[in-house]
Amino acid sequence: MQKLYSISLFLICIAFFSCRELVTDQFPHYDQKPVVNAVIVANDTMLVHLSYASSIGIEPLAVIENAIVEISDSSGYAEVLDYRGDGIYKSQTTAVAGATYYITVKVDGFETVTAQCTVPNAEQIVDIVHVDIAGVNDEGATYPSVSVTFTNNPTETQYFEIVLRLLEYDSERHAELINVTDPIIMNEGINLAMFSNSMCVDSVHTVTLNYTTNHFNMSTMELFPLIVEFRTIDLSYYQYCRQLYLYQLGRYPEAFSGNVSPTGLYSNVKNGLGIFGAYSAVVADTIFPTHDIR
């Protein structure tokens, strides 16, 4: 249930940003467009969030409640998704790694919206090494790191994401990267643990991530149990997440640094906006750092 909630919340979050068209401060009229937001996850049921795009300044966002949403694949599978409220449509069938899925969305008054994606086959975690004190920041406080060794196919282009899930008291949140030193992440040019295998020349590779919990006890960072999720992602998901990061960087430069112009969001949806992407994930056992405060 928590996993379903997390995916639903993720879809609603990306829907919030993708439903906003970059406009001037006068907020001119902007014609509505259907927005499809779906990230297909191998071995999970498929969730699709539908809404209408609108100009910044129009609240609240309008979800689409009366659409016909069909997902199919090349094997002959086809299913009309059930509406579950809040703009979310859900399948009865779980997604299969390696399959290509096609989505068709019919909304009254609009052209039929279509998109497709292929769920990547999952690469595997080989080893994980957690270092409780990996370095010291500019304020003199320690920070930890985690090194993830994973399988890789150097003969084809692949895309990966590493999610560090902190189990903080009774809640879960994602850890924030700091002091990026790994050449793979540095080569990507943004502060996300999302990368291609363009620099991974062997069948096994290691990426090291320095992170923060944003909790300190004097000069020592307080640590929490940690779950490492390693995702093999498709190109559309990779491109969308990168541009979403840059979009937020441009809209809210005060939260980062310098003056950055907003950038448009990637979309692979025909006759609409949004993202129809996919990933496969493997999850490691929970890591309990030495000075876990719980």
# chains A, B, ... in the order shown; residues from 1 in each chain; ligands from 1
$ residues_around --residues "segment 146-155 of chain A" --least-positions-apart "3" --cutoff "10 Å" --atoms "only C-alpha atoms" --output "number ranges by chain"
A: 122-132, 134, 158-160, 162, 164, 182, 197-211, 226, 228-230, 232, 287
$ closest_atom_pairs --of "segment 80-158 of chain A" --to "segment 269-273 of chain A" --cutoff "6 Å" --atoms "only C-alpha atoms" --output "Markdown table"
| residue | atom | partner | partner_atom | distance |
| --- | --- | --- | --- | --- |
| A:Val113 | CA | A:Asn271 | CA | 5.1 |
| A:Thr114 | CA | A:Lys270 | CA | 5.3 |
| A:Ala115 | CA | A:Val269 | CA | 5.0 |
$ select_by_dssp --residues "segment 87-268 of chain A" --states "helix (DSSP H, G or I)" --output "compact mmCIF listing (two decimals) with C-alpha atoms, in the first residue's frame"
# COMPACT_ATOMS: atom_id res chain seq x y z
CA PRO A 183 33.05 11.26 -12.14
CA ILE A 184 29.89 9.61 -13.52
CA ILE A 185 27.58 12.00 -11.63
CA MET A 186 29.84 14.99 -12.32
CA ASN A 187 29.72 14.19 -16.03
CA GLU A 188 25.91 14.50 -15.96
CA LEU A 235 15.39 7.30 -22.03
CA SER A 236 12.11 9.23 -21.72
CA TYR A 237 12.14 9.02 -17.92
CA TYR A 238 15.80 10.06 -17.90
CA GLN A 239 15.20 13.08 -20.16
CA TYR A 240 12.06 14.16 -18.32
CA CYS A 241 13.62 14.05 -14.83
CA ARG A 242 16.67 15.99 -15.98
CA GLN A 243 14.53 18.71 -17.55
CA LEU A 244 12.22 18.78 -14.52
CA TYR A 245 15.27 19.48 -12.35
CA LEU A 246 16.39 22.28 -14.69
CA TYR A 247 12.83 23.63 -14.85
CA GLN A 248 12.70 23.92 -11.07
CA LEU A 249 16.18 25.44 -11.08
CA GLY A 250 14.95 28.10 -13.51
CA ARG A 251 11.64 28.81 -11.77
CA PRO A 253 16.73 30.19 -8.73
CA GLU A 254 16.76 31.56 -5.18
CA ALA A 255 16.66 27.95 -3.98
$ closest_residue --among "A:Gly98, A:Gly135, A:Pro289, A:Gly87" --to "Val36 of chain A" --atoms "only C-alpha atoms"
A:Gly87
$ residues_around --residues "Glu222 of chain A" --least-positions-apart "6" --cutoff "12 Å" --atoms "only C-alpha atoms" --output "ChimeraX atom specification"
/A:132-133,141-144,166,168,211-216,289-294
$ write_last_selection --atoms "C-alpha atoms" --output "mmCIF file, in the first residue's frame"
data_model
loop_
_atom_site.group_PDB
_atom_site.id
_atom_site.type_symbol
_atom_site.label_atom_id
_atom_site.label_comp_id
_atom_site.auth_asym_id
_atom_site.auth_seq_id
_atom_site.Cartn_x
_atom_site.Cartn_y
_atom_site.Cartn_z
ATOM 1 C CA ASP A 132 29.505 6.692 8.074
ATOM 2 C CA ILE A 133 32.107 9.462 7.942
ATOM 3 C CA ALA A 141 30.363 18.677 10.057
ATOM 4 C CA THR A 142 30.810 15.109 8.894
ATOM 5 C CA TYR A 143 28.789 13.510 6.110
ATOM 6 C CA PRO A 144 28.333 9.868 4.967
ATOM 7 C CA LEU A 166 16.017 7.378 4.572
ATOM 8 C CA GLU A 168 13.506 8.697 9.546
ATOM 9 C CA TYR A 211 24.673 12.512 0.990
ATOM 10 C CA THR A 212 23.150 14.441 3.862
ATOM 11 C CA THR A 213 20.358 13.678 6.301
ATOM 12 C CA ASN A 214 20.177 17.379 7.266
ATOM 13 C CA HIS A 215 20.270 16.353 10.941
ATOM 14 C CA PHE A 216 23.302 17.178 13.081
ATOM 15 C CA PRO A 289 24.757 2.902 10.018
ATOM 16 C CA THR A 290 26.972 2.542 13.078
ATOM 17 C CA HIS A 291 25.706 5.666 14.822
ATOM 18 C CA ASP A 292 22.079 5.226 13.838
ATOM 19 C CA ILE A 293 20.183 7.518 16.232
ATOM 20 C CA ARG A 294 17.136 5.269 16.507
#
$ atom_distance --atom1 "atom CA of Ile40 of chain A" --atom2 "atom CA of Gly277 of chain A"
6.1 Å
$ select_by_dssp --residues "segment 137-182 of chain A" --states "strand (DSSP E)" --output "list in words"
Thr142, Tyr143, Pro144, Ser145, Val146, Ser147, Val148, Thr149, Phe150, Thr151, Tyr159, Phe160, Glu161, Ile162, Val163, Leu164, Arg165, Leu166, Leu167, Glu168, Ser171, Glu172, Arg173, His174, Glu176 and Leu177 of chain A
$ residues_around --residues "Val41 of chain A" --least-positions-apart "5" --cutoff "9 Å" --atoms "only C-alpha atoms" --output "short mmCIF file (atom, residue, chain, number, x, y, z; two decimals) with C-alpha atoms, in the first residue's frame"
data_model
loop_
_atom_site.label_atom_id
_atom_site.label_comp_id
_atom_site.auth_asym_id
_atom_site.auth_seq_id
_atom_site.Cartn_x
_atom_site.Cartn_y
_atom_site.Cartn_z
CA MET A 46 0.19 0.66 -13.96
CA THR A 94 1.22 -5.71 -13.61
CA ALA A 95 3.87 -4.43 -16.01
CA VAL A 96 6.49 -6.81 -17.40
CA ALA A 97 10.16 -5.95 -17.85
CA VAL A 119 10.19 -1.20 -19.60
CA GLY A 277 8.19 6.47 -19.08
CA ALA A 278 9.30 3.29 -17.33
CA TYR A 279 11.83 1.66 -15.07
CA SER A 280 12.73 -1.62 -13.38
CA ALA A 281 14.05 -1.57 -9.83
#
$ residues_around --residues "segment 67-82 of chain A" --least-positions-apart "2" --cutoff "8 Å" --atoms "only C-alpha atoms" --output "short mmCIF file (atom, residue, chain, number, x, y, z; two decimals) with N, CA and C atoms, in the first residue's frame"
data_model
loop_
_atom_site.label_atom_id
_atom_site.label_comp_id
_atom_site.auth_asym_id
_atom_site.auth_seq_id
_atom_site.Cartn_x
_atom_site.Cartn_y
_atom_site.Cartn_z
N ILE A 64 -8.70 15.13 -15.08
CA ILE A 64 -9.62 14.57 -16.08
C ILE A 64 -10.24 13.31 -15.50
N GLU A 65 -11.55 13.32 -15.34
CA GLU A 65 -12.24 12.24 -14.65
C GLU A 65 -13.01 11.31 -15.58
N ARG A 84 -9.75 5.79 -10.40
CA ARG A 84 -9.65 5.66 -8.96
C ARG A 84 -9.77 6.98 -8.21
N TYR A 89 -5.83 6.77 -12.95
CA TYR A 89 -6.40 5.58 -13.57
C TYR A 89 -5.44 4.41 -13.30
N LYS A 90 -6.00 3.24 -12.97
CA LYS A 90 -5.16 2.11 -12.55
C LYS A 90 -5.51 0.85 -13.33
N SER A 91 -4.48 0.07 -13.67
CA SER A 91 -4.67 -1.19 -14.36
C SER A 91 -4.90 -2.31 -13.35
N GLN A 92 -5.39 -3.44 -13.84
CA GLN A 92 -5.48 -4.66 -13.04
C GLN A 92 -4.23 -5.51 -13.23
N ALA A 99 8.85 -5.43 -21.93
CA ALA A 99 7.67 -5.21 -22.78
C ALA A 99 7.59 -3.75 -23.21
N THR A 100 7.04 -3.52 -24.40
CA THR A 100 6.75 -2.18 -24.89
C THR A 100 5.25 -1.93 -24.74
N TYR A 101 4.91 -0.83 -24.08
CA TYR A 101 3.51 -0.51 -23.81
C TYR A 101 3.09 0.73 -24.60
N TYR A 102 1.84 0.69 -25.05
CA TYR A 102 1.25 1.78 -25.81
C TYR A 102 0.03 2.28 -25.03
N ILE A 103 -0.07 3.60 -24.89
CA ILE A 103 -1.21 4.18 -24.20
C ILE A 103 -2.03 5.01 -25.17
N THR A 104 -3.34 4.89 -25.06
CA THR A 104 -4.29 5.69 -25.83
C THR A 104 -5.26 6.33 -24.86
N VAL A 105 -5.38 7.65 -24.93
CA VAL A 105 -6.28 8.38 -24.04
C VAL A 105 -7.27 9.17 -24.87
N LYS A 106 -8.55 8.93 -24.61
CA LYS A 106 -9.61 9.64 -25.33
C LYS A 106 -10.34 10.54 -24.34
N VAL A 107 -10.31 11.84 -24.66
CA VAL A 107 -10.97 12.85 -23.85
C VAL A 107 -11.89 13.64 -24.76
N ASP A 108 -13.13 13.82 -24.37
CA ASP A 108 -14.10 14.55 -25.19
C ASP A 108 -13.57 15.94 -25.55
#
$ closest_residue --among "A:Val35, A:Leu265, A:Ala62, A:Ala42" --to "Arg231 of chain A" --atoms "only C-alpha atoms"
A:Ala42
$ closest_residue --among "A:Phe110, A:Leu47, A:Asn191, A:Tyr52" --to "Tyr83 of chain A" --atoms "only C-alpha atoms"
A:Leu47
